[in-house]
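Reviewing the structure listed below.
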Amino acid sequence: MRLSGNIILLFALGLFGGPGLARGAGKTVWDGVYSPAQAERGQTAYTRSCATCHKEDLSGYQSILKGDHFMTQWRETSLSAFFKTISNTMPRDVPGSLTGNQYLDITAYVLSYNGFPKGANELTLASIESVQVQGKDGPQEVPSGSLIDVVGCLEQTPNNVWMLTRGTRLVRTKNPAESTPAELKAWDTKPLGTLTFELMSVYKGDPLKGARVQIKGLFVKNPAGDKINVTTIQGTGSMCSAPPAPTTTAKIEGQPIDGRPTEKKDNQPAFPQQTRAPYHATAPFNVTTLVDNLPAPWSIAFLPSGNLLLTERLPGSIHILDKNGVLSKPLTGVAELMSPGAKDIGLLDVVPDPNYATNHQIFFTLYDYVNNTNSNTYVAKGKLDEAEFAVREAKVIFRALPNMPSKRLGGKTGGRIVVAPDGTLFVTTGDRSDSPPWGVAQDLSNHLGKVLHITADGAPAPDNPFLGKPGILPEIWAYGIRSPEGLGVDPNTGKLWENEHGPRGGDELNIIEKGKNYGWPVIVHGIDYPGTAIGEGITHKEGMEEPVYYWDPVIAPSGLAFYTGNLFPQWQGSVFVGGLRGNLLSRLKIVNDKVVEEEALLTDLHTRIRDVRVGPDGAVYVLTDSGGSSVSYGPPAKSKLLKLTPK
């Protein structure tokens with residue numbers, strides 16, 4: 001069989017044939033998968049049809065059919081891949097002209113020549129599918145640069161990095177084409193695994209986000225975390241089930257609510273109450289659904305009139321939910337804040353001025369949506385006209401720098417606001433970092449990864465720690481923050497508390513103090529998305545603040561609210577933290593600035609929790625989130641506003 005130059009190249013690259021099977025499935029070439037008689041017939045067919053090009057001793061074309069060359073080319077694949085390759089491409093002049101049995105016989109002869117043992121049974125079209133090509137020492141890691149098949153869950157990190165999680169073991173394939181419906185159906189039944197890969201060259205992944213997918217691509221072995229350069233990506237037909245909520249100890253009194261292994265294997269708390277506080281059940285409650293058709297809510301706020309303000313992320317809007325449960329159309333006067341050249345705006349937090357009853361002023365955070373990513377976070381204010389559903393005199397009072405932190409990293413916006421007793425504002429910003437993380441949160445010449453402190457007009461607050469210091473932005477109050485999601489004041493101490501997302505492990509709950517450095521990305525109780533250490537992999541360094549509490553694995557904390565009401569006496573002294581990935585509302589009992597107990601609430605809903613607030617009536621209000629981790633249009637309008645009251 002003579003091969004053309006192009007066919008030889010494709011053969012050498014392994015780009016023909018069918019998909020291989022998982023390593024270790026069925027038999028291997030060392031298990032006697034062909035008979036002596038079949039090998040003898042194969043030698044006859046080989047001499048007649050193949051030896052002219054490949055030589056009698058299989059040494060033709062750089063010996064690709066024998067010895068180390070054969071093993072390097074075909075190991076960790078199904079023997080059927082080799083069979084299908086020669087069936088489709090040989091002989092050169094009349095490919096496919098032999099019978100199926102003749103190609104099977106030639107396959108048996110090649111195995112025999114290479115020293116693989118004979119057996120009692122012949123290779124058949126059925127049996128060859130379950131035969132794996134392996135070295136004598138067993139399966140080895142798929143070589144870097146191999147074309148592979150893998151199935152897992154398609155996810156996107158807050159940095160907009162595409163990841164394959166819960167991946168199966170890599171399967172070397174020789175077929176670069178998309179899989180057939182039947183092949184996808186077969187992949188859909190395979191159990192998922194535990195591997196994680198960063199994906200490169202993923203285009204139009206949004207429709208498959210959260211789905212079980214089959215990926216073909218070139219495997220890239222990388223010390224910083226293995227990657228796949230994707231050539232095809234297809235949904236297998238089903239969605240990935242949500243990651244298990246952190247309730248593996250099933251709410252056992254005195255035990256932590258999360259019993260999963262930590263992502264950071266050497267994670268050790270600095271003090272006993274820093275993680276995995278004991279579970280304690282408190283008060284039973286009723287859950288009332290106030291609204292059940294929200295697309296992408298982000299925040300709620302209470303007005304003296306009894307109405308609620310509600311923001312939606314993208315397209316950005318503010319709504320009024322009146323006392324009768326009627327949700328208004330988007331308030332006018334907000335969309336006009338969009339910058340020239342932006343496609344839209346996104347809305348984040350909203351809070352009324354402490355003197356709202358007399359000045360009707362509200363503050364809110366927003367961003368421009370430009371080229372499918374977010375600008376940095378802005379702070380705006382305006383006069384709310386509840387009767388006319390309008391925000392009058394709306395204007396942006398502060399724009400965090402740099403204006404466009406990244407052309408592709410739209411998440412980690414921060415955007416929470418707390419109004420201090422003196423009328424100044426504390427505002428959070430995320431670091432927008434990639435994987436591996438960049439060091440902007442430690443750089444005081446930008447606003448990324450910071451807690452900021454500004455006046456109601458957007459100027460630096462007069463008591464800020466870095467005023468007048470060269471090269472340092474004067475609005476900075478604290479730094480070393482990763483992806484802040486919640487911000488609130490403990491009513492008992494007046495201290496400012498913040499929570500933030502870690503990478504894989506290392507979600508944090510912090511007390512934010514003037515001028516302090518919170519360590520990211522130098523100290524962290526987690527690992528990077530590909531599974532590698534972040535920096536030196538340390539959790540403590542002099543001059544850097546460790547968290548009051550951390551979660552590993554993550555719950556992806558969201559809104560934060562201290563309980564200030566009287567409806568639930570058992571919840572006094574507690575702070576609530578929503579969980580986007582944990583699918584829970586966490587109640588943390590605080591004593592002397594330490595977490596002494598944790599209670600997982602709303603886990604039966606199996607849904608992402610976006611925000612939590614305590615109403616003036618003492619009830620707890622919770623926003624669920626039917627969207628995903630990245631900022632995009634069109635999430636299903638299934639998010640809810642819930643109200644928790646005593647049973």
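In the structure tokens, the first chain shown is A, the next is B, and so on; residue numbers restart at 1 for each chain, and ligands run from 1 in the order shown.
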
Q.
At a cut-off of 12 Å, using only C-alpha atoms, what residues contact stretch 517-519 of chain A? Leave out same-chain residues fewer than 5 positions from it and give the result as a PyMOL selection string.
A. chain A and resi 439-444+449-451+465+476-484+498-500+502+506+508-512+524-525+534-535+538-548

Write the residues you've just listed into a file as a compact mmCIF listing (two decimals), in the first residue's frame, and include N, CA and C atoms for each of them.
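Output contents, as saved in result05.txt:
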# COMPACT_ATOMS: atom_id res chain seq x y z
N GLY A 439 -1.07 40.95 39.68
CA GLY A 439 -0.84 41.53 40.99
C GLY A 439 -1.46 42.88 41.22
N VAL A 440 -2.53 43.23 40.46
CA VAL A 440 -3.07 44.58 40.54
C VAL A 440 -3.66 44.91 41.91
N ALA A 441 -4.14 43.90 42.64
CA ALA A 441 -4.74 44.18 43.95
C ALA A 441 -3.71 44.69 44.94
N GLN A 442 -2.42 44.41 44.69
CA GLN A 442 -1.34 44.91 45.55
C GLN A 442 -0.78 46.25 45.07
N ASP A 443 -1.22 46.69 43.90
CA ASP A 443 -0.70 47.92 43.27
C ASP A 443 -1.64 49.08 43.63
N LEU A 444 -1.13 50.07 44.34
CA LEU A 444 -1.97 51.17 44.82
C LEU A 444 -2.11 52.29 43.80
N GLY A 449 -9.32 45.59 42.86
CA GLY A 449 -9.11 44.78 44.05
C GLY A 449 -8.98 45.60 45.31
N LYS A 450 -9.88 46.58 45.48
CA LYS A 450 -9.77 47.53 46.59
C LYS A 450 -11.13 47.71 47.27
N VAL A 451 -11.10 48.24 48.48
CA VAL A 451 -12.26 48.87 49.10
C VAL A 451 -11.98 50.36 49.07
N PRO A 465 -6.49 56.70 54.27
CA PRO A 465 -5.13 56.48 54.79
C PRO A 465 -4.00 56.92 53.86
N ILE A 476 -8.41 54.98 47.96
CA ILE A 476 -8.21 53.64 48.51
C ILE A 476 -8.29 53.65 50.04
N TRP A 477 -9.12 52.75 50.56
CA TRP A 477 -9.25 52.55 52.01
C TRP A 477 -8.53 51.27 52.45
N ALA A 478 -8.66 50.19 51.65
CA ALA A 478 -8.00 48.92 51.92
C ALA A 478 -7.74 48.24 50.59
N TYR A 479 -6.83 47.25 50.59
CA TYR A 479 -6.44 46.64 49.30
C TYR A 479 -6.09 45.17 49.50
N GLY A 480 -5.66 44.52 48.40
CA GLY A 480 -5.40 43.08 48.46
C GLY A 480 -6.67 42.26 48.43
N ILE A 481 -7.69 42.77 47.69
CA ILE A 481 -9.01 42.13 47.61
C ILE A 481 -9.12 41.43 46.25
N ARG A 482 -9.80 40.29 46.20
CA ARG A 482 -9.92 39.57 44.93
C ARG A 482 -11.22 39.89 44.21
N SER A 483 -12.31 39.31 44.67
CA SER A 483 -13.61 39.47 43.99
C SER A 483 -14.69 39.70 45.05
N PRO A 484 -14.80 40.93 45.55
CA PRO A 484 -15.75 41.21 46.65
C PRO A 484 -17.19 41.12 46.18
N GLU A 498 -16.70 42.28 54.91
CA GLU A 498 -16.72 42.04 53.46
C GLU A 498 -16.53 40.56 53.19
N ASN A 499 -17.19 40.03 52.15
CA ASN A 499 -16.86 38.68 51.69
C ASN A 499 -16.43 38.72 50.24
N GLU A 500 -15.68 37.68 49.83
CA GLU A 500 -15.17 37.67 48.46
C GLU A 500 -14.94 36.24 47.99
N GLY A 502 -12.90 33.26 46.43
CA GLY A 502 -11.58 32.74 46.18
C GLY A 502 -11.55 32.08 44.81
N GLY A 506 -10.89 28.98 49.23
CA GLY A 506 -10.41 30.26 49.71
C GLY A 506 -11.39 31.40 49.61
N GLU A 508 -13.58 34.13 51.27
CA GLU A 508 -13.20 34.78 52.52
C GLU A 508 -14.31 35.66 53.09
N LEU A 509 -14.28 35.77 54.42
CA LEU A 509 -15.06 36.74 55.17
C LEU A 509 -14.06 37.57 55.96
N ASN A 510 -14.04 38.89 55.73
CA ASN A 510 -13.03 39.78 56.31
C ASN A 510 -13.66 40.93 57.08
N ILE A 511 -12.94 41.43 58.06
CA ILE A 511 -13.24 42.72 58.68
C ILE A 511 -12.31 43.74 58.03
N ILE A 512 -12.89 44.74 57.37
CA ILE A 512 -12.11 45.70 56.61
C ILE A 512 -11.73 46.88 57.49
N VAL A 524 -3.41 33.05 50.26
CA VAL A 524 -4.73 32.59 49.82
C VAL A 524 -4.96 31.17 50.32
N HIS A 525 -6.19 30.89 50.74
CA HIS A 525 -6.58 29.55 51.19
C HIS A 525 -7.19 28.73 50.06
N ILE A 534 -1.06 29.11 43.90
CA ILE A 534 -1.03 30.53 43.58
C ILE A 534 0.18 31.14 44.28
N GLY A 535 1.08 31.70 43.48
CA GLY A 535 2.30 32.24 44.04
C GLY A 535 3.08 31.16 44.77
N ILE A 538 1.18 30.17 49.98
CA ILE A 538 1.19 30.42 51.42
C ILE A 538 -0.12 31.04 51.87
N THR A 539 -0.42 30.90 53.14
CA THR A 539 -1.65 31.46 53.71
C THR A 539 -1.38 32.53 54.76
N HIS A 540 -0.11 32.78 55.06
CA HIS A 540 0.22 33.78 56.09
C HIS A 540 1.47 34.53 55.68
N LYS A 541 1.45 35.85 55.89
CA LYS A 541 2.64 36.67 55.69
C LYS A 541 2.51 37.92 56.55
N GLU A 542 3.57 38.27 57.19
CA GLU A 542 3.55 39.45 58.05
C GLU A 542 3.13 40.68 57.25
N GLY A 543 2.28 41.50 57.87
CA GLY A 543 1.81 42.71 57.21
C GLY A 543 0.56 42.51 56.38
N MET A 544 0.06 41.27 56.31
CA MET A 544 -1.15 40.99 55.54
C MET A 544 -2.20 40.36 56.44
N GLU A 545 -3.45 40.76 56.21
CA GLU A 545 -4.56 40.32 57.06
C GLU A 545 -5.11 38.98 56.58
N GLU A 546 -5.26 38.04 57.50
CA GLU A 546 -5.93 36.79 57.17
C GLU A 546 -7.43 36.93 57.39
N PRO A 547 -8.22 36.12 56.69
CA PRO A 547 -9.67 36.24 56.84
C PRO A 547 -10.16 35.83 58.22
N VAL A 548 -11.26 36.42 58.64
CA VAL A 548 -11.94 35.98 59.85
C VAL A 548 -12.45 34.55 59.66

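The protein and nucleic acid residues lying at most 6 Å from stretch 195-197 of chain A are Met163, Leu164, Thr165, Arg166, Gly167, Asp226 and Lys227 of chain A, with only C-alpha atoms considered and sequence neighbours fewer than 3 positions away removed.
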
Keeping only C-alpha atoms, take the residues you just selected and write them out as a short mmCIF file (atom, residue, chain, number, x, y, z; two decimals), in the first residue's frame.
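The file below, selection20.cif, is the result:
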data_model
loop_
_atom_site.label_atom_id
_atom_site.label_comp_id
_atom_site.auth_asym_id
_atom_site.auth_seq_id
_atom_site.Cartn_x
_atom_site.Cartn_y
_atom_site.Cartn_z
CA MET A 163 -12.89 25.47 31.82
CA LEU A 164 -13.84 21.83 31.49
CA THR A 165 -14.63 20.48 34.94
CA ARG A 166 -15.53 16.97 36.09
CA GLY A 167 -13.67 15.71 33.03
CA ASP A 226 -3.11 21.12 31.69
CA LYS A 227 -4.95 22.73 28.79
#

**Q.** Residue list (strand (DSSP E or B), DSSP) for stretch 357-487 of chain A, as a ChimeraX atom specification
**A.** /A:361-370,373-374,378-385,390-399,417-419,425-429,450-454,460,476-479,483-487

Q: Please give the complete set of residues from stretch 54-289 of chain A that DSSP, run on the backbone, assigns to alpha helix (DSSP H), formatted as a ChimeraX atom specification.
A: /A:54,60-63,67-74,79-89,100-113,181-188

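The interatomic distance for the pair atom CA of A:Trp30 and atom CA of A:Phe116 works out to 5.7 Å.
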
**Q.** For A:Pro646, the nearest of the candidates A:Ser574, A:Thr288, A:Asn374, A:Thr236, counting only C-alpha atoms
**A.** A:Thr288

Q: Would you list the contacts of A:Thr607 as a ChimeraX atom specification, taking every protein, DNA or RNA residue within 7 Å and counting only C-alpha atoms, but skipping same-chain residues closer than 2 positions in sequence?
A: /A:583,605,609,624

Let me see the file: selected residues, N, CA and C atoms, as a PDB file, in the first residue's frame.
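out03.pdb, written as the output of this step:
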ATOM      1  N   ASN A 583     -25.292  27.142  46.620  1.00  0.00           N
ATOM      2  CA  ASN A 583     -26.747  26.978  46.605  1.00  0.00           C
ATOM      3  C   ASN A 583     -27.323  26.970  48.015  1.00  0.00           C
ATOM      4  N   LEU A 605     -33.845  24.433  48.000  1.00  0.00           N
ATOM      5  CA  LEU A 605     -34.210  25.113  46.753  1.00  0.00           C
ATOM      6  C   LEU A 605     -33.259  24.782  45.617  1.00  0.00           C
ATOM      7  N   ILE A 609     -27.944  31.828  45.300  1.00  0.00           N
ATOM      8  CA  ILE A 609     -28.425  32.958  46.096  1.00  0.00           C
ATOM      9  C   ILE A 609     -27.569  34.173  45.754  1.00  0.00           C
ATOM     10  N   THR A 624     -32.774  35.046  44.535  1.00  0.00           N
ATOM     11  CA  THR A 624     -32.119  33.926  43.862  1.00  0.00           C
ATOM     12  C   THR A 624     -31.651  34.385  42.486  1.00  0.00           C
TER      13      THR A 624
END
